[in-house]
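The file input-v1.cif comes next; it holds mmCIF, N, CA and C atoms.
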```cif
data_my_file
loop_
_atom_site.label_atom_id
_atom_site.label_comp_id
_atom_site.auth_asym_id
_atom_site.auth_seq_id
_atom_site.Cartn_x
_atom_site.Cartn_y
_atom_site.Cartn_z
N MET A 1 36.85 3.76 -3.48
CA MET A 1 36.09 4.88 -4.01
C MET A 1 35.58 4.53 -5.40
N ARG A 2 34.33 4.86 -5.65
CA ARG A 2 33.75 4.58 -6.96
C ARG A 2 33.29 5.89 -7.57
N LEU A 3 33.52 6.06 -8.85
CA LEU A 3 33.08 7.23 -9.58
C LEU A 3 32.06 6.81 -10.63
N TRP A 4 31.24 7.75 -11.04
CA TRP A 4 30.23 7.46 -12.03
C TRP A 4 30.55 8.20 -13.31
N ILE A 5 30.72 7.45 -14.41
CA ILE A 5 30.94 8.04 -15.72
C ILE A 5 29.92 7.43 -16.66
N LEU A 6 29.15 8.27 -17.30
CA LEU A 6 28.10 7.81 -18.20
C LEU A 6 27.16 6.83 -17.52
N GLY A 7 26.92 7.05 -16.22
CA GLY A 7 26.00 6.21 -15.49
C GLY A 7 26.57 4.87 -15.07
N GLN A 8 27.88 4.63 -15.26
CA GLN A 8 28.50 3.37 -14.86
C GLN A 8 29.54 3.64 -13.79
N ALA A 9 29.62 2.75 -12.82
CA ALA A 9 30.59 2.91 -11.73
C ALA A 9 31.97 2.53 -12.22
N GLN A 10 32.97 3.29 -11.81
CA GLN A 10 34.37 3.02 -12.16
C GLN A 10 35.16 2.89 -10.87
N ASP A 11 36.11 1.93 -10.82
CA ASP A 11 36.93 1.73 -9.64
C ASP A 11 38.08 2.73 -9.61
N ASP A 12 38.85 2.72 -8.50
CA ASP A 12 39.98 3.62 -8.35
C ASP A 12 41.02 3.42 -9.44
N GLY A 13 41.17 2.21 -9.92
CA GLY A 13 42.17 1.94 -10.96
C GLY A 13 41.90 2.72 -12.22
N ASN A 14 40.67 3.02 -12.47
CA ASN A 14 40.31 3.75 -13.67
C ASN A 14 40.17 5.25 -13.41
N LEU A 15 40.68 5.71 -12.27
CA LEU A 15 40.53 7.12 -11.90
C LEU A 15 41.24 8.03 -12.90
N ARG A 16 42.43 7.66 -13.31
CA ARG A 16 43.16 8.49 -14.27
C ARG A 16 42.44 8.49 -15.62
N GLU A 17 41.96 7.32 -16.02
CA GLU A 17 41.23 7.25 -17.28
C GLU A 17 39.95 8.09 -17.21
N ALA A 18 39.30 8.03 -16.06
CA ALA A 18 38.09 8.82 -15.89
C ALA A 18 38.40 10.31 -15.95
N ALA A 19 39.49 10.72 -15.30
CA ALA A 19 39.88 12.13 -15.32
C ALA A 19 40.24 12.57 -16.73
N ARG A 20 40.94 11.69 -17.47
CA ARG A 20 41.31 12.01 -18.85
C ARG A 20 40.05 12.15 -19.71
N LEU A 21 39.13 11.21 -19.56
CA LEU A 21 37.89 11.28 -20.32
C LEU A 21 37.09 12.53 -19.92
N ASN A 22 37.14 12.83 -18.64
CA ASN A 22 36.40 13.99 -18.15
C ASN A 22 36.98 15.28 -18.73
N ARG A 23 38.32 15.42 -18.75
CA ARG A 23 38.93 16.61 -19.33
C ARG A 23 38.61 16.73 -20.80
N ARG A 24 38.66 15.60 -21.52
CA ARG A 24 38.35 15.62 -22.94
C ARG A 24 36.88 16.01 -23.15
N ALA A 25 36.00 15.50 -22.28
CA ALA A 25 34.58 15.82 -22.41
C ALA A 25 34.34 17.30 -22.14
N LEU A 26 35.05 17.85 -21.15
CA LEU A 26 34.88 19.26 -20.87
C LEU A 26 35.43 20.12 -22.00
N ALA A 27 36.46 19.64 -22.65
CA ALA A 27 37.05 20.41 -23.73
C ALA A 27 36.17 20.39 -24.98
N THR A 28 35.44 19.30 -25.20
CA THR A 28 34.66 19.20 -26.43
C THR A 28 33.16 19.33 -26.19
N ASP A 29 32.63 18.49 -25.33
CA ASP A 29 31.20 18.42 -25.17
C ASP A 29 30.89 18.00 -23.73
N THR A 30 29.87 18.55 -23.14
CA THR A 30 29.51 18.19 -21.77
C THR A 30 28.20 17.44 -21.74
N THR A 31 28.13 16.32 -22.42
CA THR A 31 26.87 15.57 -22.52
C THR A 31 26.88 14.36 -21.60
N GLY A 32 27.30 14.51 -20.35
CA GLY A 32 27.20 13.42 -19.41
C GLY A 32 28.51 12.72 -19.12
N LEU A 33 29.64 13.17 -19.65
CA LEU A 33 30.91 12.53 -19.37
C LEU A 33 31.58 13.09 -18.13
N LEU A 34 30.89 13.92 -17.39
CA LEU A 34 31.46 14.48 -16.18
C LEU A 34 31.54 13.41 -15.10
N VAL A 35 32.60 13.47 -14.29
CA VAL A 35 32.76 12.54 -13.19
C VAL A 35 31.93 13.07 -12.02
N LEU A 36 30.94 12.32 -11.62
CA LEU A 36 30.05 12.75 -10.55
C LEU A 36 29.98 11.66 -9.50
N PRO A 37 29.80 12.03 -8.24
CA PRO A 37 29.58 11.00 -7.23
C PRO A 37 28.20 10.40 -7.43
N PRO A 38 27.99 9.18 -6.98
CA PRO A 38 26.67 8.58 -7.14
C PRO A 38 25.63 9.33 -6.32
N PRO A 39 24.41 9.36 -6.79
CA PRO A 39 23.39 10.05 -6.01
C PRO A 39 23.13 9.31 -4.71
N PRO A 40 23.10 10.01 -3.58
CA PRO A 40 22.90 9.34 -2.29
C PRO A 40 21.47 8.85 -2.08
N TYR A 41 20.50 9.42 -2.79
CA TYR A 41 19.11 9.02 -2.63
C TYR A 41 18.37 9.38 -3.91
N ILE A 42 17.21 8.84 -4.04
CA ILE A 42 16.38 9.11 -5.20
C ILE A 42 15.33 10.12 -4.77
N GLY A 43 15.07 11.09 -5.60
CA GLY A 43 14.03 12.07 -5.29
C GLY A 43 14.63 13.39 -4.88
N ASN A 44 13.91 14.11 -4.08
CA ASN A 44 14.31 15.46 -3.68
C ASN A 44 15.24 15.40 -2.48
N THR A 45 15.98 16.47 -2.31
CA THR A 45 16.90 16.56 -1.18
C THR A 45 16.11 16.77 0.11
N PRO A 46 16.71 16.45 1.25
CA PRO A 46 16.00 16.70 2.52
C PRO A 46 15.66 18.17 2.72
N ALA A 47 16.51 19.07 2.23
CA ALA A 47 16.22 20.50 2.37
C ALA A 47 14.95 20.86 1.61
N GLU A 48 14.79 20.30 0.40
CA GLU A 48 13.58 20.56 -0.37
C GLU A 48 12.36 19.97 0.32
N THR A 49 12.53 18.81 0.91
CA THR A 49 11.42 18.17 1.62
C THR A 49 11.01 19.00 2.82
N TYR A 50 11.97 19.45 3.61
CA TYR A 50 11.66 20.28 4.77
C TYR A 50 11.04 21.60 4.35
N ALA A 51 11.50 22.17 3.24
CA ALA A 51 10.94 23.43 2.76
C ALA A 51 9.48 23.25 2.35
N LEU A 52 9.18 22.14 1.66
CA LEU A 52 7.79 21.90 1.26
C LEU A 52 6.91 21.65 2.48
N ILE A 53 7.40 20.88 3.44
CA ILE A 53 6.61 20.63 4.64
C ILE A 53 6.37 21.94 5.39
N ALA A 54 7.38 22.80 5.48
CA ALA A 54 7.21 24.10 6.15
C ALA A 54 6.19 24.96 5.39
N LEU A 55 6.25 24.93 4.07
CA LEU A 55 5.30 25.68 3.27
C LEU A 55 3.87 25.16 3.47
N LEU A 56 3.71 23.84 3.52
CA LEU A 56 2.39 23.27 3.75
C LEU A 56 1.87 23.60 5.15
N GLN A 57 2.77 23.67 6.14
CA GLN A 57 2.35 24.05 7.48
C GLN A 57 1.90 25.51 7.54
N ILE A 58 2.58 26.36 6.78
CA ILE A 58 2.18 27.77 6.71
C ILE A 58 0.80 27.89 6.07
N VAL A 59 0.58 27.14 4.98
CA VAL A 59 -0.73 27.16 4.32
C VAL A 59 -1.80 26.64 5.27
N GLN A 60 -1.47 25.59 6.02
CA GLN A 60 -2.42 25.03 7.00
C GLN A 60 -2.77 26.08 8.05
N LEU A 61 -1.78 26.82 8.53
CA LEU A 61 -2.02 27.87 9.52
C LEU A 61 -2.90 28.97 8.95
N LEU A 62 -2.62 29.38 7.71
CA LEU A 62 -3.44 30.42 7.08
C LEU A 62 -4.88 29.96 6.89
N LEU A 63 -5.07 28.70 6.52
CA LEU A 63 -6.43 28.17 6.40
C LEU A 63 -7.15 28.17 7.75
N THR A 64 -6.43 27.86 8.81
CA THR A 64 -7.03 27.90 10.15
C THR A 64 -7.41 29.32 10.55
N VAL A 65 -6.56 30.28 10.24
CA VAL A 65 -6.87 31.68 10.55
C VAL A 65 -8.10 32.13 9.77
N ILE A 66 -8.18 31.77 8.49
CA ILE A 66 -9.35 32.12 7.69
C ILE A 66 -10.61 31.48 8.26
N TRP A 67 -10.49 30.22 8.71
CA TRP A 67 -11.63 29.53 9.31
C TRP A 67 -12.14 30.31 10.53
N TRP A 68 -11.22 30.74 11.40
CA TRP A 68 -11.63 31.49 12.60
C TRP A 68 -12.22 32.85 12.24
N ILE A 69 -11.69 33.49 11.22
CA ILE A 69 -12.25 34.78 10.79
C ILE A 69 -13.71 34.60 10.36
N ILE A 70 -13.99 33.53 9.61
CA ILE A 70 -15.35 33.28 9.16
C ILE A 70 -16.27 32.96 10.34
N VAL A 71 -15.78 32.18 11.29
CA VAL A 71 -16.60 31.85 12.47
C VAL A 71 -16.90 33.10 13.28
N VAL A 72 -15.90 33.95 13.49
CA VAL A 72 -16.12 35.19 14.25
C VAL A 72 -17.10 36.09 13.51
N GLN A 73 -16.98 36.16 12.19
CA GLN A 73 -17.91 36.99 11.43
C GLN A 73 -19.33 36.44 11.53
N ALA A 74 -19.50 35.13 11.49
CA ALA A 74 -20.85 34.55 11.60
C ALA A 74 -21.46 34.85 12.96
N ILE A 75 -20.67 34.69 14.02
CA ILE A 75 -21.18 34.98 15.37
C ILE A 75 -21.52 36.46 15.51
N LEU A 76 -20.65 37.31 14.98
CA LEU A 76 -20.90 38.76 15.06
C LEU A 76 -22.15 39.14 14.26
N SER A 77 -22.36 38.49 13.12
CA SER A 77 -23.56 38.81 12.33
C SER A 77 -24.83 38.39 13.08
N TRP A 78 -24.78 37.27 13.79
CA TRP A 78 -25.94 36.86 14.60
C TRP A 78 -26.20 37.85 15.73
N LEU A 79 -25.12 38.28 16.39
CA LEU A 79 -25.28 39.24 17.49
C LEU A 79 -25.84 40.57 16.99
N ILE A 80 -25.42 40.98 15.79
CA ILE A 80 -25.96 42.22 15.21
C ILE A 80 -27.40 42.01 14.78
N ALA A 81 -27.71 40.84 14.20
CA ALA A 81 -29.08 40.59 13.72
C ALA A 81 -30.09 40.55 14.87
N PHE A 82 -29.68 40.05 16.02
CA PHE A 82 -30.59 39.96 17.17
C PHE A 82 -30.45 41.14 18.13
N ASN A 83 -29.79 42.22 17.68
CA ASN A 83 -29.61 43.45 18.43
C ASN A 83 -28.96 43.23 19.80
N VAL A 84 -28.08 42.27 19.88
CA VAL A 84 -27.33 42.08 21.12
C VAL A 84 -26.22 43.12 21.20
N ILE A 85 -25.58 43.37 20.07
CA ILE A 85 -24.60 44.45 20.00
C ILE A 85 -25.06 45.43 18.93
N ASN A 86 -24.58 46.65 19.04
CA ASN A 86 -25.08 47.73 18.21
C ASN A 86 -23.99 48.18 17.26
N THR A 87 -24.34 48.38 16.00
CA THR A 87 -23.35 48.85 15.01
C THR A 87 -23.11 50.35 15.11
N HIS A 88 -23.81 51.03 16.02
CA HIS A 88 -23.53 52.46 16.22
C HIS A 88 -22.23 52.66 17.00
N SER A 89 -21.76 51.62 17.65
CA SER A 89 -20.47 51.69 18.35
C SER A 89 -19.35 51.68 17.31
N ASP A 90 -18.38 52.56 17.51
CA ASP A 90 -17.27 52.65 16.54
C ASP A 90 -16.46 51.36 16.49
N PHE A 91 -16.23 50.76 17.65
CA PHE A 91 -15.44 49.52 17.68
C PHE A 91 -16.14 48.39 16.94
N VAL A 92 -17.43 48.20 17.21
CA VAL A 92 -18.19 47.13 16.55
C VAL A 92 -18.25 47.38 15.05
N ARG A 93 -18.50 48.61 14.65
CA ARG A 93 -18.57 48.94 13.23
C ARG A 93 -17.23 48.71 12.54
N THR A 94 -16.12 49.04 13.22
CA THR A 94 -14.80 48.83 12.63
C THR A 94 -14.49 47.34 12.48
N VAL A 95 -14.78 46.57 13.51
CA VAL A 95 -14.55 45.12 13.44
C VAL A 95 -15.43 44.49 12.37
N TRP A 96 -16.69 44.89 12.31
CA TRP A 96 -17.62 44.33 11.33
C TRP A 96 -17.17 44.66 9.90
N THR A 97 -16.76 45.90 9.66
CA THR A 97 -16.29 46.30 8.33
C THR A 97 -15.01 45.56 7.95
N ALA A 98 -14.10 45.42 8.90
CA ALA A 98 -12.86 44.70 8.61
C ALA A 98 -13.13 43.23 8.28
N LEU A 99 -14.01 42.59 9.03
CA LEU A 99 -14.34 41.19 8.75
C LEU A 99 -15.04 41.04 7.40
N GLN A 100 -15.91 41.97 7.07
CA GLN A 100 -16.58 41.91 5.78
C GLN A 100 -15.59 42.08 4.63
N ARG A 101 -14.64 43.00 4.78
CA ARG A 101 -13.65 43.21 3.72
C ARG A 101 -12.72 42.02 3.56
N MET A 102 -12.47 41.29 4.64
CA MET A 102 -11.61 40.10 4.54
C MET A 102 -12.33 38.91 3.93
N THR A 103 -13.61 38.78 4.19
CA THR A 103 -14.32 37.58 3.75
C THR A 103 -15.09 37.76 2.45
N GLU A 104 -15.42 38.95 2.09
CA GLU A 104 -16.22 39.18 0.88
C GLU A 104 -15.55 38.64 -0.39
N PRO A 105 -14.24 38.77 -0.60
CA PRO A 105 -13.64 38.18 -1.80
C PRO A 105 -13.78 36.65 -1.87
N MET A 106 -13.91 36.00 -0.74
CA MET A 106 -14.12 34.54 -0.75
C MET A 106 -15.58 34.20 -1.02
N TYR A 107 -16.48 35.04 -0.53
CA TYR A 107 -17.91 34.75 -0.67
C TYR A 107 -18.44 35.08 -2.07
N ARG A 108 -17.90 36.13 -2.68
CA ARG A 108 -18.46 36.64 -3.93
C ARG A 108 -18.56 35.58 -5.04
N PRO A 109 -17.50 34.78 -5.34
CA PRO A 109 -17.65 33.78 -6.40
C PRO A 109 -18.67 32.69 -6.05
N ILE A 110 -18.77 32.37 -4.77
CA ILE A 110 -19.71 31.33 -4.35
C ILE A 110 -21.14 31.85 -4.42
N ARG A 111 -21.34 33.11 -4.10
CA ARG A 111 -22.68 33.71 -4.17
C ARG A 111 -23.18 33.78 -5.61
N ARG A 112 -22.25 33.91 -6.57
CA ARG A 112 -22.65 33.91 -7.97
C ARG A 112 -23.17 32.54 -8.40
N ILE A 113 -22.60 31.48 -7.82
CA ILE A 113 -22.97 30.12 -8.21
C ILE A 113 -24.22 29.65 -7.47
N LEU A 114 -24.30 29.93 -6.18
CA LEU A 114 -25.44 29.46 -5.37
C LEU A 114 -26.73 30.20 -5.75
N PRO A 115 -27.85 29.51 -5.67
CA PRO A 115 -29.13 30.21 -5.91
C PRO A 115 -29.43 31.15 -4.74
N ASP A 116 -30.31 32.11 -4.99
CA ASP A 116 -30.66 33.09 -3.97
C ASP A 116 -31.66 32.47 -2.99
N PHE A 117 -31.29 32.44 -1.72
CA PHE A 117 -32.16 31.89 -0.69
C PHE A 117 -32.79 32.99 0.16
N GLY A 118 -32.79 34.20 -0.34
CA GLY A 118 -33.38 35.31 0.40
C GLY A 118 -32.43 35.79 1.48
N ALA A 119 -32.90 35.78 2.72
CA ALA A 119 -32.08 36.27 3.83
C ALA A 119 -31.04 35.25 4.28
N LEU A 120 -31.17 34.02 3.83
CA LEU A 120 -30.24 32.96 4.24
C LEU A 120 -29.04 32.94 3.30
N ASP A 121 -27.86 33.15 3.85
CA ASP A 121 -26.63 33.16 3.06
C ASP A 121 -25.83 31.91 3.40
N LEU A 122 -25.70 31.01 2.44
CA LEU A 122 -24.97 29.76 2.65
C LEU A 122 -23.51 29.82 2.20
N SER A 123 -23.09 30.96 1.68
CA SER A 123 -21.71 31.05 1.20
C SER A 123 -20.66 30.84 2.31
N PRO A 124 -20.85 31.32 3.55
CA PRO A 124 -19.86 31.00 4.58
C PRO A 124 -19.76 29.50 4.85
N LEU A 125 -20.89 28.82 4.80
CA LEU A 125 -20.89 27.37 5.01
C LEU A 125 -20.11 26.66 3.90
N VAL A 126 -20.29 27.10 2.66
CA VAL A 126 -19.56 26.50 1.54
C VAL A 126 -18.07 26.77 1.66
N VAL A 127 -17.71 28.00 2.06
CA VAL A 127 -16.29 28.33 2.23
C VAL A 127 -15.68 27.49 3.36
N LEU A 128 -16.41 27.32 4.46
CA LEU A 128 -15.91 26.48 5.56
C LEU A 128 -15.74 25.03 5.11
N LEU A 129 -16.63 24.53 4.27
CA LEU A 129 -16.50 23.18 3.74
C LEU A 129 -15.27 23.06 2.84
N ILE A 130 -15.05 24.05 2.01
CA ILE A 130 -13.86 24.05 1.15
C ILE A 130 -12.59 24.11 1.99
N LEU A 131 -12.58 24.96 3.01
CA LEU A 131 -11.41 25.05 3.90
C LEU A 131 -11.16 23.74 4.62
N TYR A 132 -12.22 23.07 5.05
CA TYR A 132 -12.06 21.78 5.71
C TYR A 132 -11.46 20.74 4.76
N ILE A 133 -11.96 20.70 3.54
CA ILE A 133 -11.42 19.75 2.56
C ILE A 133 -9.96 20.04 2.27
N LEU A 134 -9.62 21.31 2.11
CA LEU A 134 -8.21 21.66 1.84
C LEU A 134 -7.30 21.31 3.01
N SER A 135 -7.72 21.66 4.22
CA SER A 135 -6.81 21.50 5.36
C SER A 135 -6.75 20.07 5.87
N ASN A 136 -7.81 19.29 5.72
CA ASN A 136 -7.81 17.95 6.29
C ASN A 136 -7.67 16.83 5.28
N ILE A 137 -7.83 17.12 4.00
CA ILE A 137 -7.71 16.07 3.00
C ILE A 137 -6.60 16.37 2.00
N VAL A 138 -6.64 17.54 1.39
CA VAL A 138 -5.71 17.85 0.30
C VAL A 138 -4.28 18.03 0.81
N ILE A 139 -4.09 18.89 1.81
CA ILE A 139 -2.73 19.18 2.29
C ILE A 139 -2.07 17.94 2.90
N PRO A 140 -2.75 17.16 3.75
CA PRO A 140 -2.08 15.94 4.25
C PRO A 140 -1.74 14.94 3.14
N ASN A 141 -2.58 14.84 2.11
CA ASN A 141 -2.26 13.93 1.01
C ASN A 141 -1.07 14.42 0.20
N ILE A 142 -0.96 15.72 0.00
CA ILE A 142 0.21 16.27 -0.69
C ILE A 142 1.47 15.96 0.11
N ALA A 143 1.43 16.20 1.41
CA ALA A 143 2.60 15.94 2.25
C ALA A 143 2.95 14.45 2.26
N GLN A 144 1.95 13.60 2.39
CA GLN A 144 2.21 12.16 2.44
C GLN A 144 2.76 11.66 1.10
N ASN A 145 2.18 12.08 -0.01
CA ASN A 145 2.68 11.65 -1.32
C ASN A 145 4.08 12.16 -1.59
N TYR A 146 4.37 13.37 -1.16
CA TYR A 146 5.71 13.93 -1.35
C TYR A 146 6.73 13.18 -0.53
N LEU A 147 6.39 12.86 0.72
CA LEU A 147 7.33 12.13 1.57
C LEU A 147 7.53 10.71 1.07
N VAL A 148 6.50 10.05 0.58
CA VAL A 148 6.64 8.69 0.06
C VAL A 148 7.47 8.71 -1.20
N ALA A 149 7.29 9.71 -2.07
CA ALA A 149 8.05 9.78 -3.31
C ALA A 149 9.51 10.15 -3.06
N THR A 150 9.79 10.82 -1.95
CA THR A 150 11.15 11.26 -1.67
C THR A 150 11.99 10.14 -1.09
N TYR A 151 11.42 9.34 -0.20
CA TYR A 151 12.24 8.33 0.48
C TYR A 151 11.87 6.95 0.10
#
```

Translate the structure described by the file into structure tokens.
Amino acid sequence: MRLWILGQAQDDGNLREAARLNRRALATDTTGLLVLPPPPYIGNTPAETYALIALLQIVQLLLTVIWWIIVVQAILSWLIAFNVINTHSDFVRTVWTALQRMTEPMYRPIRRILPDFGALDLSPLVVLLILYILSNIVIPNIAQNYLVATY
């Protein structure tokens, strides 16, 4: 059995000396004289790694849900624009209002930056591009860098 004191390994023969030094350190000062087992690995614990991966998967799922909401809203807006479906229907009006309320906070900052193209709104396209970059480039790189740094 090996113990670590001040970053140096100590054999079993020095166990009593280590315990004595440890008690003295606890009585006076706790600046690293504690007897600790050696670290089994460098980096984060497996539990932290699994927690981060689970968190990134949840973010990936939320980005996918947002992507589908934007696609459904675009299709619904085309159907309304070409009078295929009617907004006088309560169900269509409710779905349309709900989709607008979900997506408008994402579109508003982009609409401030983009120039006015008249009836053509490119903000959903920009949001879809941002979602694609986040879900297919940023999140996998975060996961890969975290896993490489951990093990």

Problem set entry | Surrounding residues of stretch 102-110 of chain A excluding itself and chain neighbours under 6 positions, 8 Å, only N, CA and C atoms, as a list in words |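 These residues fall inside the cut-off: Ile69, Ile70, Trp96, Leu122, Ser123, Pro124, Val126 and Val127 of chain A.
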
For this session: Would you please give, as JSON, numbers by chain, all residues of stretch 113-143 of chain A that DSSP assigns to alpha helix (DSSP H) based on the backbone?
Result: {"A": [113, 123, 124, 125, 126, 127, 128, 129, 130, 131, 132, 133, 139, 140, 141, 142, 143]}

Problem set entry | Interatomic distance, atom CA of A:Trp78 to atom N of A:Ile130 (Å, one decimal) |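 Rounded to one decimal, the two atoms are 21.0 Å apart.
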
Show me, as JSON, the centre and edge lengths in Å to one decimal of the axis-aligned box that covers every listed atom of stretch 115-133 of chain A with 5 Å on each side.
```
{"center_x": -21.7, "center_y": 28.0, "center_z": -0.1, "size_x": 33.4, "size_y": 26.5, "size_z": 21.6}
```

For this session: One decimal, Å: what's the distance from atom CA of A:Leu79 over to atom CA of A:Leu125, could you say?
Result: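 Atom CA of A:Leu79 sits 17.8 Å away from atom CA of A:Leu125.
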
Exercise. Evaluating the PyMOL selection byres (((chain A and resi 137-149 and name CA) around 12) and name CA) on the displayed file yields which residues, as JSON, numbers by chain?
Worked result: {"A": [41, 42, 43, 44, 45, 46, 48, 49, 50, 51, 52, 53, 54, 55, 56, 57, 58, 59, 60, 61, 63, 129, 130, 131, 132, 133, 134, 135, 136, 150, 151]}

Seminar exercise, completed: Here atom CA of A:Arg93 and atom C of A:Val71 stand apart by 15.9 Å

For a quick check of your reading of the model, name the residues lying within 9 Å of the coordinate (-19.9, 40.0, 13.1), counting only C-alpha atoms, and write them as an mmCIF file with N, CA and C atoms, keeping the file's coordinate frame.
```cif
data_model
loop_
_atom_site.group_PDB
_atom_site.id
_atom_site.type_symbol
_atom_site.label_atom_id
_atom_site.label_comp_id
_atom_site.auth_asym_id
_atom_site.auth_seq_id
_atom_site.Cartn_x
_atom_site.Cartn_y
_atom_site.Cartn_z
ATOM 1 N N VAL A 71 -15.780 32.180 11.290
ATOM 2 C CA VAL A 71 -16.600 31.850 12.470
ATOM 3 C C VAL A 71 -16.900 33.100 13.280
ATOM 4 N N VAL A 72 -15.900 33.950 13.490
ATOM 5 C CA VAL A 72 -16.120 35.190 14.250
ATOM 6 C C VAL A 72 -17.100 36.090 13.510
ATOM 7 N N GLN A 73 -16.980 36.160 12.190
ATOM 8 C CA GLN A 73 -17.910 36.990 11.430
ATOM 9 C C GLN A 73 -19.330 36.440 11.530
ATOM 10 N N ALA A 74 -19.500 35.130 11.490
ATOM 11 C CA ALA A 74 -20.850 34.550 11.600
ATOM 12 C C ALA A 74 -21.460 34.850 12.960
ATOM 13 N N ILE A 75 -20.670 34.690 14.020
ATOM 14 C CA ILE A 75 -21.180 34.980 15.370
ATOM 15 C C ILE A 75 -21.520 36.460 15.510
ATOM 16 N N LEU A 76 -20.650 37.310 14.980
ATOM 17 C CA LEU A 76 -20.900 38.760 15.060
ATOM 18 C C LEU A 76 -22.150 39.140 14.260
ATOM 19 N N SER A 77 -22.360 38.490 13.120
ATOM 20 C CA SER A 77 -23.560 38.810 12.330
ATOM 21 C C SER A 77 -24.830 38.390 13.080
ATOM 22 N N TRP A 78 -24.780 37.270 13.790
ATOM 23 C CA TRP A 78 -25.940 36.860 14.600
ATOM 24 C C TRP A 78 -26.200 37.850 15.730
ATOM 25 N N LEU A 79 -25.120 38.280 16.390
ATOM 26 C CA LEU A 79 -25.280 39.240 17.490
ATOM 27 C C LEU A 79 -25.840 40.570 16.990
ATOM 28 N N ILE A 80 -25.420 40.980 15.790
ATOM 29 C CA ILE A 80 -25.960 42.220 15.210
ATOM 30 C C ILE A 80 -27.400 42.010 14.780
ATOM 31 N N VAL A 92 -17.430 48.200 17.210
ATOM 32 C CA VAL A 92 -18.190 47.130 16.550
ATOM 33 C C VAL A 92 -18.250 47.380 15.050
ATOM 34 N N VAL A 95 -14.780 46.570 13.510
ATOM 35 C CA VAL A 95 -14.550 45.120 13.440
ATOM 36 C C VAL A 95 -15.430 44.490 12.370
ATOM 37 N N TRP A 96 -16.690 44.890 12.310
ATOM 38 C CA TRP A 96 -17.620 44.330 11.330
ATOM 39 C C TRP A 96 -17.170 44.660 9.900
ATOM 40 N N THR A 97 -16.760 45.900 9.660
ATOM 41 C CA THR A 97 -16.290 46.300 8.330
ATOM 42 C C THR A 97 -15.010 45.560 7.950
ATOM 43 N N LEU A 99 -14.010 42.590 9.030
ATOM 44 C CA LEU A 99 -14.340 41.190 8.750
ATOM 45 C C LEU A 99 -15.040 41.040 7.400
ATOM 46 N N GLN A 100 -15.910 41.970 7.070
ATOM 47 C CA GLN A 100 -16.580 41.910 5.780
ATOM 48 C C GLN A 100 -15.590 42.080 4.630
#
```
